[in-house]
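Just below is one structure, and these are the notes that go with it.
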Amino acid sequence: MYSFIKTYWQLITLIVLAIITILSLLPAEQLPTVKGGDKIHHFIAYAFLTLPVAIKKPKYWQLILCSFLFYSGIIELIQGLFHRHGEWLDLVANTLGVLLGLIIGQLIIAMMNQFKSKKIEDLND
């Protein structure tokens, strides 16, 4: 899965970004009913959005954070044009999701590096 994400990180990110955009701009009545609260959905969506980029481009975490938070803010602002309304708490949930995606990305990279070094040690023994 790690190598799949590293290979197709751009495609995965664009697909998740498209899904977030569509679901954020659809009229509320047309949204599918999903268990869990609205803020949880925002949190999870932005964590998934961030994860592939965080794994592939970990040195650029500040740019990733700023870019996705800017995008999130723009979506919240333009929702009024699509019979929706933006909420500050949505932006907070999105921010926390981006931060979680960055943290999980760092943890996955660290685990994979440890796994690789352990594998090399085993080969040398």
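Letters A, B, ... go to the chains of the structure tokens in the order shown; residues in each chain start at 1; ligands are counted from 1 in the same order.
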
Would you mind listing what lies within 12 Å of Leu14 of chain A as a compact mmCIF listing (two decimals) with C-alpha atoms, in the first residue's frame, with only C-alpha atoms counted and same-chain residues fewer than 6 positions away left out?
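Result saved to part.txt:
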# COMPACT_ATOMS: atom_id res chain seq x y z
CA TYR A 8 -0.08 7.31 -7.39
CA ILE A 20 -14.43 16.96 -1.27
CA THR A 21 -15.22 19.76 -3.73
CA PHE A 48 -7.29 11.48 3.66
CA LEU A 49 -6.61 14.42 1.35
CA THR A 50 -3.35 15.22 3.12
CA PRO A 52 -0.69 10.85 0.17
CA VAL A 53 1.06 14.20 -0.23

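One distance worth recording is that between atom CA of His85 of chain A and atom CA of Gln62 of chain A, which is 28.0 Å.
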
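Each of A:Asn113, A:Tyr60, A:Ile108, A:Ser24 was compared to Leu77 of chain A using only C-alpha atoms, and A:Ser24 turns out to be the nearest.
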
Skip Lys57 of chain A itself and residues of its chain fewer than 4 positions away, then list as a ChimeraX atom specification all residues within 10 Å of it, counting only C-alpha atoms. /A:6,9,51-53,61,63-64,105

Could you write out the selected residues, including C-alpha atoms, as a tab-separated table (two decimals), in the first residue's frame?
chain	number	residue	atom	x	y	z
A	6	LYS	CA	4.04	6.85	-3.29
A	9	TRP	CA	-0.07	10.10	-4.79
A	51	LEU	CA	-1.97	11.72	3.69
A	52	PRO	CA	-0.69	10.85	0.17
A	53	VAL	CA	1.06	14.20	-0.23
A	61	TRP	CA	4.71	19.89	5.18
A	63	LEU	CA	3.34	24.18	2.06
A	64	ILE	CA	0.94	21.22	2.25
A	105	GLY	CA	2.28	10.48	7.05

Would you kindly return, as a ChimeraX atom specification, each protein, DNA or RNA residue with an atom no farther than 9 Å from any atom of segment 86-91 of chain A, considering only C-alpha atoms and excluding same-chain residues fewer than 2 positions away? /A:38-39,42-43,69,72-73,75-80,84,93-96

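Using only C-alpha atoms for every distance, the candidate list A:Ala110, A:Met1, A:Leu26, A:Leu11 yields A:Leu26 as the residue closest to Leu81 of chain A.
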
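Residue nearest Tyr2 of chain A, chosen from A:Phe82, A:Gln114, A:Ile55, A:Ile74 and counting only C-alpha atoms: A:Ile55.
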
How would you write, as a PyMOL selection string, the set of residues in chain A that DSSP gives as alpha helix (DSSP H)? chain A and resi 2-25+38-56+61-78+88-124

Using only C-alpha atoms: which of A:Leu65, A:Gln30, A:Met112, A:Leu102 has the shortest distance to Ala47 of chain A: A:Leu102

Separation of atom CA of Gln106 of chain A and atom CA of Ile22 of chain A, in Å? 28.5 Å

Of the listed residues A:Phe115, A:Leu100, A:Tyr71, A:His83, that which approaches Pro27 of chain A most closely, counting only C-alpha atoms: A:His83
